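**Q** Sending over input27.txt (compact mmCIF, N, CA and C atoms and all ligand atoms).
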```
# COMPACT_ATOMS: atom_id res chain seq x y z
N MET A 1 0.84 -1.19 0.00
CA MET A 1 0.00 0.00 0.00
C MET A 1 0.88 1.24 0.00
N ASP A 2 0.61 2.10 -0.96
CA ASP A 2 1.34 3.37 -0.98
C ASP A 2 0.97 4.21 0.24
N VAL A 3 1.72 5.23 0.45
CA VAL A 3 1.44 6.12 1.58
C VAL A 3 1.11 7.50 1.05
N LEU A 4 0.04 8.05 1.55
CA LEU A 4 -0.32 9.42 1.22
C LEU A 4 0.11 10.33 2.35
N THR A 5 0.51 11.55 2.01
CA THR A 5 0.79 12.53 3.06
C THR A 5 -0.54 12.96 3.68
N ASP A 6 -0.44 13.52 4.87
CA ASP A 6 -1.66 14.03 5.52
C ASP A 6 -2.33 15.09 4.63
N HIS A 7 -1.50 15.89 3.97
CA HIS A 7 -2.04 16.92 3.08
C HIS A 7 -2.81 16.30 1.92
N GLU A 8 -2.25 15.23 1.34
CA GLU A 8 -2.92 14.55 0.23
C GLU A 8 -4.25 13.94 0.69
N LYS A 9 -4.23 13.35 1.87
CA LYS A 9 -5.47 12.77 2.40
C LYS A 9 -6.53 13.84 2.59
N THR A 10 -6.12 14.94 3.21
CA THR A 10 -7.07 16.03 3.47
C THR A 10 -7.61 16.60 2.17
N SER A 11 -6.74 16.78 1.19
CA SER A 11 -7.17 17.32 -0.09
C SER A 11 -8.18 16.41 -0.77
N LEU A 12 -7.92 15.11 -0.68
CA LEU A 12 -8.79 14.15 -1.35
C LEU A 12 -10.15 14.08 -0.65
N VAL A 13 -10.13 14.05 0.67
CA VAL A 13 -11.39 14.03 1.42
C VAL A 13 -12.16 15.33 1.17
N ASP A 14 -11.45 16.45 1.17
CA ASP A 14 -12.12 17.73 0.90
C ASP A 14 -12.76 17.75 -0.49
N ALA A 15 -12.07 17.17 -1.46
CA ALA A 15 -12.63 17.12 -2.82
C ALA A 15 -13.90 16.28 -2.86
N ALA A 16 -13.91 15.20 -2.09
CA ALA A 16 -15.11 14.35 -2.03
C ALA A 16 -16.25 15.07 -1.32
N ILE A 17 -15.91 15.81 -0.27
CA ILE A 17 -16.93 16.59 0.44
C ILE A 17 -17.51 17.66 -0.49
N GLU A 18 -16.64 18.32 -1.22
CA GLU A 18 -17.06 19.37 -2.16
C GLU A 18 -17.98 18.79 -3.23
N ALA A 19 -17.60 17.65 -3.78
CA ALA A 19 -18.40 17.02 -4.83
C ALA A 19 -19.77 16.59 -4.31
N ARG A 20 -19.79 16.14 -3.06
CA ARG A 20 -20.99 15.53 -2.49
C ARG A 20 -22.22 16.42 -2.60
N GLN A 21 -22.02 17.74 -2.62
CA GLN A 21 -23.17 18.65 -2.73
C GLN A 21 -23.95 18.43 -4.02
N TRP A 22 -23.32 17.80 -5.02
CA TRP A 22 -23.98 17.60 -6.32
C TRP A 22 -24.60 16.22 -6.44
N ALA A 23 -24.55 15.45 -5.38
CA ALA A 23 -25.18 14.12 -5.43
C ALA A 23 -26.66 14.27 -5.80
N TYR A 24 -27.12 13.35 -6.64
CA TYR A 24 -28.53 13.34 -7.02
C TYR A 24 -29.16 12.11 -6.38
N ALA A 25 -29.74 12.32 -5.21
CA ALA A 25 -30.25 11.20 -4.42
C ALA A 25 -31.65 11.51 -3.88
N PRO A 26 -32.61 11.77 -4.80
CA PRO A 26 -33.95 12.14 -4.34
C PRO A 26 -34.72 10.99 -3.70
N TYR A 27 -34.24 9.76 -3.85
CA TYR A 27 -34.97 8.60 -3.32
C TYR A 27 -34.39 8.13 -1.99
N SER A 28 -33.08 7.92 -1.95
CA SER A 28 -32.47 7.46 -0.70
C SER A 28 -32.11 8.63 0.22
N HIS A 29 -31.90 9.80 -0.35
CA HIS A 29 -31.40 10.96 0.40
C HIS A 29 -30.06 10.66 1.05
N TYR A 30 -29.37 9.66 0.53
CA TYR A 30 -28.04 9.30 1.05
C TYR A 30 -27.00 9.85 0.08
N LEU A 31 -26.46 11.01 0.43
CA LEU A 31 -25.54 11.69 -0.47
C LEU A 31 -24.14 11.09 -0.35
N VAL A 32 -23.54 10.82 -1.50
CA VAL A 32 -22.20 10.25 -1.52
C VAL A 32 -21.32 11.09 -2.45
N GLY A 33 -20.13 11.40 -1.96
CA GLY A 33 -19.12 12.07 -2.77
C GLY A 33 -17.87 11.22 -2.80
N ALA A 34 -17.24 11.17 -3.95
CA ALA A 34 -15.99 10.42 -4.08
C ALA A 34 -14.96 11.29 -4.77
N ALA A 35 -13.70 11.02 -4.47
CA ALA A 35 -12.61 11.72 -5.15
C ALA A 35 -11.49 10.72 -5.37
N LEU A 36 -11.07 10.63 -6.61
CA LEU A 36 -10.08 9.64 -7.03
C LEU A 36 -8.79 10.36 -7.42
N LEU A 37 -7.69 9.98 -6.78
CA LEU A 37 -6.38 10.57 -7.10
C LEU A 37 -5.63 9.63 -8.04
N THR A 38 -5.23 10.14 -9.20
CA THR A 38 -4.47 9.33 -10.15
C THR A 38 -2.98 9.46 -9.87
N THR A 39 -2.20 8.53 -10.39
CA THR A 39 -0.75 8.62 -10.20
C THR A 39 -0.18 9.82 -10.96
N SER A 40 -0.96 10.34 -11.91
CA SER A 40 -0.53 11.54 -12.63
C SER A 40 -0.79 12.81 -11.82
N GLY A 41 -1.46 12.64 -10.67
CA GLY A 41 -1.67 13.77 -9.78
C GLY A 41 -3.01 14.47 -9.94
N ARG A 42 -3.84 13.97 -10.84
CA ARG A 42 -5.15 14.60 -11.02
C ARG A 42 -6.17 13.99 -10.06
N ILE A 43 -7.20 14.76 -9.78
CA ILE A 43 -8.31 14.29 -8.96
C ILE A 43 -9.59 14.31 -9.80
N TYR A 44 -10.26 13.17 -9.83
CA TYR A 44 -11.56 13.07 -10.49
C TYR A 44 -12.60 12.82 -9.42
N ASP A 45 -13.65 13.63 -9.43
CA ASP A 45 -14.67 13.43 -8.41
C ASP A 45 -15.89 12.73 -8.98
N GLY A 46 -16.77 12.32 -8.10
CA GLY A 46 -18.00 11.66 -8.51
C GLY A 46 -19.04 11.75 -7.42
N VAL A 47 -20.28 11.63 -7.82
CA VAL A 47 -21.39 11.60 -6.86
C VAL A 47 -22.34 10.47 -7.26
N ASN A 48 -23.15 10.04 -6.29
CA ASN A 48 -24.16 9.07 -6.68
C ASN A 48 -25.26 9.77 -7.48
N VAL A 49 -25.74 9.07 -8.49
CA VAL A 49 -26.78 9.61 -9.37
C VAL A 49 -27.90 8.57 -9.42
N GLU A 50 -28.97 8.85 -8.67
CA GLU A 50 -30.08 7.89 -8.62
C GLU A 50 -31.04 8.12 -9.79
N ASN A 51 -31.98 7.18 -9.93
CA ASN A 51 -32.92 7.23 -11.04
C ASN A 51 -34.25 6.65 -10.59
N ALA A 52 -35.33 7.16 -11.15
CA ALA A 52 -36.66 6.65 -10.82
C ALA A 52 -36.76 5.16 -11.10
N ALA A 53 -36.05 4.71 -12.13
CA ALA A 53 -35.89 3.27 -12.36
C ALA A 53 -34.64 2.87 -11.60
N TYR A 54 -34.82 2.45 -10.35
CA TYR A 54 -33.71 2.35 -9.38
C TYR A 54 -32.40 1.76 -9.91
N PRO A 55 -32.42 0.61 -10.58
CA PRO A 55 -31.13 0.01 -11.00
C PRO A 55 -30.36 0.85 -12.01
N SER A 56 -31.00 1.84 -12.59
CA SER A 56 -30.30 2.67 -13.58
C SER A 56 -29.37 3.69 -12.94
N GLY A 57 -29.41 3.85 -11.64
CA GLY A 57 -28.54 4.80 -10.97
C GLY A 57 -27.10 4.32 -10.92
N MET A 58 -26.22 5.18 -10.44
CA MET A 58 -24.80 4.83 -10.36
C MET A 58 -24.19 5.43 -9.10
N CYS A 59 -23.24 4.68 -8.53
CA CYS A 59 -22.55 5.10 -7.31
C CYS A 59 -21.49 6.16 -7.60
N ALA A 60 -21.20 6.94 -6.58
CA ALA A 60 -20.20 8.00 -6.68
C ALA A 60 -18.81 7.47 -7.06
N GLU A 61 -18.44 6.34 -6.44
CA GLU A 61 -17.10 5.80 -6.68
C GLU A 61 -16.91 5.42 -8.15
N ARG A 62 -17.94 4.75 -8.71
CA ARG A 62 -17.81 4.34 -10.10
C ARG A 62 -17.89 5.53 -11.05
N VAL A 63 -18.68 6.54 -10.69
CA VAL A 63 -18.70 7.75 -11.53
C VAL A 63 -17.29 8.34 -11.60
N ALA A 64 -16.63 8.45 -10.45
CA ALA A 64 -15.28 9.03 -10.41
C ALA A 64 -14.31 8.18 -11.24
N ILE A 65 -14.38 6.86 -11.05
CA ILE A 65 -13.45 5.98 -11.77
C ILE A 65 -13.72 6.04 -13.28
N PHE A 66 -14.98 6.01 -13.66
CA PHE A 66 -15.31 6.03 -15.08
C PHE A 66 -14.95 7.37 -15.71
N LYS A 67 -15.10 8.44 -14.98
CA LYS A 67 -14.67 9.75 -15.49
C LYS A 67 -13.17 9.72 -15.78
N ALA A 68 -12.41 9.18 -14.84
CA ALA A 68 -10.96 9.13 -15.00
C ALA A 68 -10.57 8.27 -16.20
N VAL A 69 -11.19 7.09 -16.27
CA VAL A 69 -10.85 6.17 -17.37
C VAL A 69 -11.20 6.81 -18.72
N SER A 70 -12.30 7.51 -18.75
CA SER A 70 -12.72 8.13 -20.02
C SER A 70 -11.83 9.31 -20.41
N GLN A 71 -10.95 9.71 -19.48
CA GLN A 71 -9.96 10.74 -19.79
C GLN A 71 -8.57 10.12 -19.99
N GLY A 72 -8.54 8.80 -20.10
CA GLY A 72 -7.27 8.15 -20.40
C GLY A 72 -6.48 7.72 -19.18
N GLU A 73 -7.05 7.87 -17.99
CA GLU A 73 -6.35 7.52 -16.75
C GLU A 73 -6.70 6.09 -16.34
N ARG A 74 -5.66 5.33 -15.97
CA ARG A 74 -5.90 3.97 -15.50
C ARG A 74 -5.10 3.61 -14.25
N ASN A 75 -4.29 4.54 -13.80
CA ASN A 75 -3.44 4.26 -12.64
C ASN A 75 -3.82 5.18 -11.49
N PHE A 76 -4.32 4.54 -10.44
CA PHE A 76 -4.90 5.30 -9.35
C PHE A 76 -4.12 5.10 -8.05
N SER A 77 -3.93 6.20 -7.33
CA SER A 77 -3.24 6.13 -6.04
C SER A 77 -4.20 5.90 -4.90
N ALA A 78 -5.33 6.61 -4.95
CA ALA A 78 -6.25 6.56 -3.81
C ALA A 78 -7.62 7.04 -4.20
N ILE A 79 -8.60 6.59 -3.43
CA ILE A 79 -9.96 7.10 -3.59
C ILE A 79 -10.53 7.39 -2.21
N ALA A 80 -11.15 8.56 -2.09
CA ALA A 80 -11.83 8.92 -0.84
C ALA A 80 -13.33 8.87 -1.09
N VAL A 81 -14.04 8.36 -0.10
CA VAL A 81 -15.50 8.26 -0.19
C VAL A 81 -16.09 8.92 1.05
N VAL A 82 -16.99 9.87 0.82
CA VAL A 82 -17.56 10.63 1.92
C VAL A 82 -19.08 10.48 1.94
N THR A 83 -19.59 10.14 3.11
CA THR A 83 -21.04 10.08 3.35
C THR A 83 -21.32 10.73 4.69
N SER A 84 -22.58 10.82 5.05
CA SER A 84 -22.92 11.43 6.34
C SER A 84 -22.34 10.64 7.50
N ASN A 85 -22.25 9.32 7.33
CA ASN A 85 -21.91 8.47 8.47
C ASN A 85 -20.77 7.49 8.20
N GLY A 86 -19.95 7.79 7.20
CA GLY A 86 -18.78 6.93 6.96
C GLY A 86 -19.11 5.59 6.35
N GLY A 87 -20.13 5.55 5.49
CA GLY A 87 -20.49 4.31 4.82
C GLY A 87 -19.39 3.82 3.89
N TYR A 88 -19.31 2.51 3.75
CA TYR A 88 -18.28 1.89 2.91
C TYR A 88 -18.77 1.73 1.47
N PRO A 89 -17.84 1.59 0.52
CA PRO A 89 -18.24 1.33 -0.87
C PRO A 89 -19.01 0.01 -0.99
N CYS A 90 -19.96 -0.02 -1.92
CA CYS A 90 -20.72 -1.25 -2.14
C CYS A 90 -19.84 -2.28 -2.85
N GLY A 91 -20.32 -3.50 -2.94
CA GLY A 91 -19.55 -4.58 -3.54
C GLY A 91 -19.21 -4.34 -5.00
N ALA A 92 -20.15 -3.78 -5.74
CA ALA A 92 -19.89 -3.53 -7.16
C ALA A 92 -18.77 -2.52 -7.34
N CYS A 93 -18.76 -1.49 -6.51
CA CYS A 93 -17.69 -0.49 -6.60
C CYS A 93 -16.34 -1.10 -6.20
N ARG A 94 -16.35 -1.96 -5.21
CA ARG A 94 -15.10 -2.62 -4.81
C ARG A 94 -14.53 -3.43 -5.98
N GLN A 95 -15.42 -4.11 -6.71
CA GLN A 95 -14.98 -4.90 -7.85
C GLN A 95 -14.39 -4.01 -8.94
N VAL A 96 -15.02 -2.86 -9.19
CA VAL A 96 -14.50 -1.94 -10.21
C VAL A 96 -13.15 -1.36 -9.77
N MET A 97 -13.01 -1.08 -8.49
CA MET A 97 -11.72 -0.61 -7.98
C MET A 97 -10.65 -1.68 -8.20
N ALA A 98 -11.01 -2.95 -7.94
CA ALA A 98 -10.05 -4.05 -8.05
C ALA A 98 -9.52 -4.19 -9.48
N GLU A 99 -10.35 -3.86 -10.46
CA GLU A 99 -9.93 -3.94 -11.85
C GLU A 99 -8.66 -3.14 -12.11
N PHE A 100 -8.53 -2.02 -11.39
CA PHE A 100 -7.41 -1.10 -11.64
C PHE A 100 -6.33 -1.18 -10.57
N GLY A 101 -6.41 -2.17 -9.70
CA GLY A 101 -5.32 -2.37 -8.75
C GLY A 101 -5.79 -2.56 -7.32
N LEU A 102 -5.28 -3.60 -6.71
CA LEU A 102 -5.65 -3.90 -5.32
C LEU A 102 -4.93 -3.01 -4.33
N GLU A 103 -3.91 -2.28 -4.84
CA GLU A 103 -3.10 -1.44 -3.95
C GLU A 103 -3.66 -0.03 -3.78
N THR A 104 -4.67 0.31 -4.55
CA THR A 104 -5.23 1.66 -4.45
C THR A 104 -5.73 1.89 -3.02
N ILE A 105 -5.29 2.97 -2.43
CA ILE A 105 -5.70 3.32 -1.07
C ILE A 105 -7.18 3.71 -1.07
N VAL A 106 -7.90 3.26 -0.07
CA VAL A 106 -9.32 3.61 0.08
C VAL A 106 -9.48 4.33 1.41
N ILE A 107 -9.98 5.55 1.33
CA ILE A 107 -10.20 6.35 2.53
C ILE A 107 -11.70 6.55 2.70
N ILE A 108 -12.20 6.09 3.84
CA ILE A 108 -13.61 6.24 4.17
C ILE A 108 -13.73 7.38 5.17
N ALA A 109 -14.56 8.37 4.85
CA ALA A 109 -14.67 9.53 5.75
C ALA A 109 -16.13 9.94 5.89
N ASN A 110 -16.37 10.74 6.91
CA ASN A 110 -17.72 11.29 7.06
C ASN A 110 -17.74 12.74 6.58
N ASP A 111 -18.91 13.35 6.65
CA ASP A 111 -19.06 14.70 6.08
C ASP A 111 -18.40 15.78 6.93
N LYS A 112 -17.87 15.40 8.08
CA LYS A 112 -17.08 16.35 8.87
C LYS A 112 -15.61 16.27 8.49
N GLY A 113 -15.28 15.36 7.57
CA GLY A 113 -13.90 15.20 7.15
C GLY A 113 -13.11 14.26 8.02
N GLU A 114 -13.81 13.60 8.95
CA GLU A 114 -13.13 12.64 9.83
C GLU A 114 -12.92 11.31 9.09
N ILE A 115 -11.68 10.84 9.08
CA ILE A 115 -11.38 9.57 8.42
C ILE A 115 -11.78 8.42 9.33
N ILE A 116 -12.69 7.58 8.82
CA ILE A 116 -13.20 6.45 9.58
C ILE A 116 -12.28 5.25 9.43
N ARG A 117 -11.79 5.07 8.19
CA ARG A 117 -10.90 3.94 7.94
C ARG A 117 -10.03 4.25 6.74
N GLU A 118 -8.79 3.82 6.81
CA GLU A 118 -7.89 3.92 5.68
C GLU A 118 -7.34 2.52 5.42
N THR A 119 -7.55 2.03 4.20
CA THR A 119 -7.11 0.69 3.86
C THR A 119 -6.73 0.71 2.39
N ASP A 120 -6.70 -0.44 1.76
CA ASP A 120 -6.57 -0.45 0.30
C ASP A 120 -7.63 -1.39 -0.26
N VAL A 121 -7.69 -1.51 -1.58
CA VAL A 121 -8.78 -2.28 -2.18
C VAL A 121 -8.75 -3.73 -1.69
N SER A 122 -7.56 -4.30 -1.58
CA SER A 122 -7.48 -5.69 -1.10
C SER A 122 -8.02 -5.82 0.32
N GLY A 123 -7.96 -4.73 1.07
CA GLY A 123 -8.47 -4.75 2.45
C GLY A 123 -9.98 -4.80 2.55
N ILE A 124 -10.65 -4.30 1.50
CA ILE A 124 -12.12 -4.34 1.53
C ILE A 124 -12.69 -5.34 0.53
N LEU A 125 -11.80 -5.99 -0.24
CA LEU A 125 -12.28 -7.02 -1.17
C LEU A 125 -11.30 -8.20 -1.19
N PRO A 126 -11.27 -8.95 -0.09
CA PRO A 126 -10.37 -10.12 -0.04
C PRO A 126 -10.75 -11.13 -1.11
N GLY A 127 -9.75 -11.76 -1.69
CA GLY A 127 -10.02 -12.79 -2.69
C GLY A 127 -10.60 -12.25 -3.97
N ALA A 128 -10.25 -11.02 -4.30
CA ALA A 128 -10.84 -10.37 -5.47
C ALA A 128 -10.58 -11.15 -6.76
N PHE A 129 -11.56 -11.13 -7.64
CA PHE A 129 -11.39 -11.62 -9.01
C PHE A 129 -10.79 -10.48 -9.81
N THR A 130 -9.61 -10.74 -10.41
CA THR A 130 -8.89 -9.66 -11.08
C THR A 130 -8.59 -10.03 -12.54
N PRO A 131 -8.11 -9.09 -13.32
CA PRO A 131 -7.78 -9.38 -14.73
C PRO A 131 -6.79 -10.54 -14.86
N GLU A 132 -5.93 -10.75 -13.86
CA GLU A 132 -4.96 -11.85 -13.93
C GLU A 132 -5.65 -13.20 -14.04
N HIS A 133 -6.82 -13.33 -13.45
CA HIS A 133 -7.54 -14.61 -13.54
C HIS A 133 -7.93 -14.92 -14.97
N LEU A 134 -8.25 -13.91 -15.75
CA LEU A 134 -8.61 -14.13 -17.15
C LEU A 134 -7.37 -14.37 -18.01
N ASN A 135 -6.26 -13.75 -17.61
CA ASN A 135 -5.02 -13.86 -18.39
C ASN A 135 -4.31 -15.17 -18.13
N ASN A 136 -4.59 -15.81 -17.02
CA ASN A 136 -3.93 -17.07 -16.65
C ASN A 136 -4.96 -18.15 -16.29
N PRO A 137 -5.73 -18.60 -17.28
CA PRO A 137 -6.80 -19.55 -16.96
C PRO A 137 -6.24 -20.91 -16.57
ZN ZN A 201 -21.11 1.40 -5.17
```
Translate the structure of the given file into structure tokens.
Ligand SMILES: [Zn+2]
**A**
Amino acid sequence: MDVLTDHEKTSLVDAAIEARQWAYAPYSHYLVGAALLTTSGRIYDGVNVENAAYPSGMCAERVAIFKAVSQGERNFSAIAVVTSNGGYPCGACRQVMAEFGLETIVIIANDKGEIIRETDVSGILPGAFTPEHLNNP
């Protein structure tokens, strides 16, 4: 697991808090903000976007990751996820994180900026199915 400076952690959590105001969550009212730090030093944010047809919505973490990938980024240092109460990423988001590396730092924080847990993708998705499984059948 790479190490982030305290300043990097704070910046990433702050970016997730800032993004969270744009969450579109009229059904759950559970606002989520995410901020993804790439190894190139850029930050891509994301929010949850719900839909009247519930399964059509998307989580904040995957929005951030997909934004980054669609800009040509595939190497991630860390992702911060902010909710009112320090909720963890869902299973689908953990799987998408694993696609791009089990070493990516995951910071779970609340809306006060308090870090609830700092781990990496392997820490929240033990036994992950990764691209290597397809490459080495
Ligand atoms: Zn999710």
**Q** Using atom C of Arg62 of chain A and atom C of Phe76 of chain A as the two end points, give the distance in Å to one decimal.
**A**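 Distance between the two atoms: 14.1 Å.
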**Q** As a PyMOL selection string, please: every residue in chain A that a backbone DSSP assignment puts in helix (DSSP H, G or I).
**A** chain A and resi 6-20+54-56+60-69+91-99+121-124+131-135
**Q** Residues at most 6 Å from ligand ZN 201 (chain A), using only N, CA and C atoms and all ligand atoms? Could they come as a PDB file with N, CA and C atoms, in the frame of the given file?
**A**
```
ATOM      1  N   CYS A  59     -23.240   4.680  -8.530  1.00  0.00           N
ATOM      2  CA  CYS A  59     -22.550   5.100  -7.310  1.00  0.00           C
ATOM      3  C   CYS A  59     -21.490   6.160  -7.600  1.00  0.00           C
ATOM      4  N   ALA A  60     -21.200   6.940  -6.580  1.00  0.00           N
ATOM      5  CA  ALA A  60     -20.200   8.000  -6.680  1.00  0.00           C
ATOM      6  C   ALA A  60     -18.810   7.470  -7.060  1.00  0.00           C
ATOM      7  N   GLU A  61     -18.440   6.340  -6.440  1.00  0.00           N
ATOM      8  CA  GLU A  61     -17.100   5.800  -6.680  1.00  0.00           C
ATOM      9  C   GLU A  61     -16.910   5.420  -8.150  1.00  0.00           C
ATOM     10  N   ARG A  62     -17.940   4.750  -8.710  1.00  0.00           N
ATOM     11  CA  ARG A  62     -17.810   4.340 -10.100  1.00  0.00           C
ATOM     12  C   ARG A  62     -17.890   5.530 -11.050  1.00  0.00           C
ATOM     13  N   PRO A  89     -17.840   1.590   0.520  1.00  0.00           N
ATOM     14  CA  PRO A  89     -18.240   1.330  -0.870  1.00  0.00           C
ATOM     15  C   PRO A  89     -19.010   0.010  -0.990  1.00  0.00           C
ATOM     16  N   CYS A  90     -19.960  -0.020  -1.920  1.00  0.00           N
ATOM     17  CA  CYS A  90     -20.720  -1.250  -2.140  1.00  0.00           C
ATOM     18  C   CYS A  90     -19.840  -2.280  -2.850  1.00  0.00           C
ATOM     19  N   GLY A  91     -20.320  -3.500  -2.940  1.00  0.00           N
ATOM     20  CA  GLY A  91     -19.550  -4.580  -3.540  1.00  0.00           C
ATOM     21  C   GLY A  91     -19.210  -4.340  -5.000  1.00  0.00           C
ATOM     22  N   ALA A  92     -20.150  -3.780  -5.740  1.00  0.00           N
ATOM     23  CA  ALA A  92     -19.890  -3.530  -7.160  1.00  0.00           C
ATOM     24  C   ALA A  92     -18.770  -2.520  -7.340  1.00  0.00           C
ATOM     25  N   CYS A  93     -18.760  -1.490  -6.510  1.00  0.00           N
ATOM     26  CA  CYS A  93     -17.690  -0.490  -6.600  1.00  0.00           C
ATOM     27  C   CYS A  93     -16.340  -1.100  -6.200  1.00  0.00           C
ATOM     28  N   ARG A  94     -16.350  -1.960  -5.210  1.00  0.00           N
ATOM     29  CA  ARG A  94     -15.100  -2.620  -4.810  1.00  0.00           C
ATOM     30  C   ARG A  94     -14.530  -3.430  -5.980  1.00  0.00           C
TER      31      ARG A  94
END
```
**Q** At most 12 Å from (-16.5, 12.3, 12.0), file frame, only C-alpha atoms: which residues, as a list in words?
**A**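 The requested residues, written out, are Val13, Val82, Thr83, Ser84, Asn85, Gly86, Gly87, Ile108, Ala109, Asn110, Asp111, Lys112, Gly113, Glu114, Ile115, Ile116 and Arg117 of chain A.
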**Q** Hey, can you check how far atom C of Gly41 of chain A sits from atom C of Leu12 of chain A?
**A** 11.7 Å
**Q** Among chain A, which ones does DSSP assign to strand (DSSP E) (computed from the backbone)? Answer as a VMD selection string.
**A** chain A and resid 33 to 38 43 to 47 76 to 83 105 to 110 115 to 120
**Q** Would you mind exporting N, CA and C atoms of the selected residues as an mmCIF file, in the coordinates of the input?
**A**
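Once everything was written out, this is out_38.cif:
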```cif
data_model
loop_
_atom_site.group_PDB
_atom_site.id
_atom_site.type_symbol
_atom_site.label_atom_id
_atom_site.label_comp_id
_atom_site.auth_asym_id
_atom_site.auth_seq_id
_atom_site.Cartn_x
_atom_site.Cartn_y
_atom_site.Cartn_z
ATOM 1 N N GLY A 33 -20.130 11.400 -1.960
ATOM 2 C CA GLY A 33 -19.120 12.070 -2.770
ATOM 3 C C GLY A 33 -17.870 11.220 -2.800
ATOM 4 N N ALA A 34 -17.240 11.170 -3.950
ATOM 5 C CA ALA A 34 -15.990 10.420 -4.080
ATOM 6 C C ALA A 34 -14.960 11.290 -4.770
ATOM 7 N N ALA A 35 -13.700 11.020 -4.470
ATOM 8 C CA ALA A 35 -12.610 11.720 -5.150
ATOM 9 C C ALA A 35 -11.490 10.720 -5.370
ATOM 10 N N LEU A 36 -11.070 10.630 -6.610
ATOM 11 C CA LEU A 36 -10.080 9.640 -7.030
ATOM 12 C C LEU A 36 -8.790 10.360 -7.420
ATOM 13 N N LEU A 37 -7.690 9.980 -6.780
ATOM 14 C CA LEU A 37 -6.380 10.570 -7.100
ATOM 15 C C LEU A 37 -5.630 9.630 -8.040
ATOM 16 N N THR A 38 -5.230 10.140 -9.200
ATOM 17 C CA THR A 38 -4.470 9.330 -10.150
ATOM 18 C C THR A 38 -2.980 9.460 -9.870
ATOM 19 N N ILE A 43 -7.200 14.760 -9.780
ATOM 20 C CA ILE A 43 -8.310 14.290 -8.960
ATOM 21 C C ILE A 43 -9.590 14.310 -9.800
ATOM 22 N N TYR A 44 -10.260 13.170 -9.830
ATOM 23 C CA TYR A 44 -11.560 13.070 -10.490
ATOM 24 C C TYR A 44 -12.600 12.820 -9.420
ATOM 25 N N ASP A 45 -13.650 13.630 -9.430
ATOM 26 C CA ASP A 45 -14.670 13.430 -8.410
ATOM 27 C C ASP A 45 -15.890 12.730 -8.980
ATOM 28 N N GLY A 46 -16.770 12.320 -8.100
ATOM 29 C CA GLY A 46 -18.000 11.660 -8.510
ATOM 30 C C GLY A 46 -19.040 11.750 -7.420
ATOM 31 N N VAL A 47 -20.280 11.630 -7.820
ATOM 32 C CA VAL A 47 -21.390 11.600 -6.860
ATOM 33 C C VAL A 47 -22.340 10.470 -7.260
ATOM 34 N N PHE A 76 -4.320 4.540 -10.440
ATOM 35 C CA PHE A 76 -4.900 5.300 -9.350
ATOM 36 C C PHE A 76 -4.120 5.100 -8.050
ATOM 37 N N SER A 77 -3.930 6.200 -7.330
ATOM 38 C CA SER A 77 -3.240 6.130 -6.040
ATOM 39 C C SER A 77 -4.200 5.900 -4.900
ATOM 40 N N ALA A 78 -5.330 6.610 -4.950
ATOM 41 C CA ALA A 78 -6.250 6.560 -3.810
ATOM 42 C C ALA A 78 -7.620 7.040 -4.200
ATOM 43 N N ILE A 79 -8.600 6.590 -3.430
ATOM 44 C CA ILE A 79 -9.960 7.100 -3.590
ATOM 45 C C ILE A 79 -10.530 7.390 -2.210
ATOM 46 N N ALA A 80 -11.150 8.560 -2.090
ATOM 47 C CA ALA A 80 -11.830 8.920 -0.840
ATOM 48 C C ALA A 80 -13.330 8.870 -1.090
ATOM 49 N N VAL A 81 -14.040 8.360 -0.100
ATOM 50 C CA VAL A 81 -15.500 8.260 -0.190
ATOM 51 C C VAL A 81 -16.090 8.920 1.050
ATOM 52 N N VAL A 82 -16.990 9.870 0.820
ATOM 53 C CA VAL A 82 -17.560 10.630 1.920
ATOM 54 C C VAL A 82 -19.080 10.480 1.940
ATOM 55 N N THR A 83 -19.590 10.140 3.110
ATOM 56 C CA THR A 83 -21.040 10.080 3.350
ATOM 57 C C THR A 83 -21.320 10.730 4.690
ATOM 58 N N ILE A 105 -5.290 2.970 -2.430
ATOM 59 C CA ILE A 105 -5.700 3.320 -1.070
ATOM 60 C C ILE A 105 -7.180 3.710 -1.070
ATOM 61 N N VAL A 106 -7.900 3.260 -0.070
ATOM 62 C CA VAL A 106 -9.320 3.610 0.080
ATOM 63 C C VAL A 106 -9.480 4.330 1.410
ATOM 64 N N ILE A 107 -9.980 5.550 1.330
ATOM 65 C CA ILE A 107 -10.200 6.350 2.530
ATOM 66 C C ILE A 107 -11.700 6.550 2.700
ATOM 67 N N ILE A 108 -12.200 6.090 3.840
ATOM 68 C CA ILE A 108 -13.610 6.240 4.170
ATOM 69 C C ILE A 108 -13.730 7.380 5.170
ATOM 70 N N ALA A 109 -14.560 8.370 4.850
ATOM 71 C CA ALA A 109 -14.670 9.530 5.750
ATOM 72 C C ALA A 109 -16.130 9.940 5.890
ATOM 73 N N ASN A 110 -16.370 10.740 6.910
ATOM 74 C CA ASN A 110 -17.720 11.290 7.060
ATOM 75 C C ASN A 110 -17.740 12.740 6.580
ATOM 76 N N ILE A 115 -11.680 10.840 9.080
ATOM 77 C CA ILE A 115 -11.380 9.570 8.420
ATOM 78 C C ILE A 115 -11.780 8.420 9.330
ATOM 79 N N ILE A 116 -12.690 7.580 8.820
ATOM 80 C CA ILE A 116 -13.200 6.450 9.580
ATOM 81 C C ILE A 116 -12.280 5.250 9.430
ATOM 82 N N ARG A 117 -11.790 5.070 8.190
ATOM 83 C CA ARG A 117 -10.900 3.940 7.940
ATOM 84 C C ARG A 117 -10.030 4.250 6.740
ATOM 85 N N GLU A 118 -8.790 3.820 6.810
ATOM 86 C CA GLU A 118 -7.890 3.920 5.680
ATOM 87 C C GLU A 118 -7.340 2.520 5.420
ATOM 88 N N THR A 119 -7.550 2.030 4.200
ATOM 89 C CA THR A 119 -7.110 0.690 3.860
ATOM 90 C C THR A 119 -6.730 0.710 2.390
ATOM 91 N N ASP A 120 -6.700 -0.440 1.760
ATOM 92 C CA ASP A 120 -6.570 -0.450 0.300
ATOM 93 C C ASP A 120 -7.630 -1.390 -0.260
#
```
**Q** Measure the distance from atom N of Arg42 of chain A to atom C of Tyr30 of chain A in Å and round it to one decimal.
**A**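 If I compute the distance from atom N of Arg42 of chain A to atom C of Tyr30 of chain A, I get 25.9 Å.
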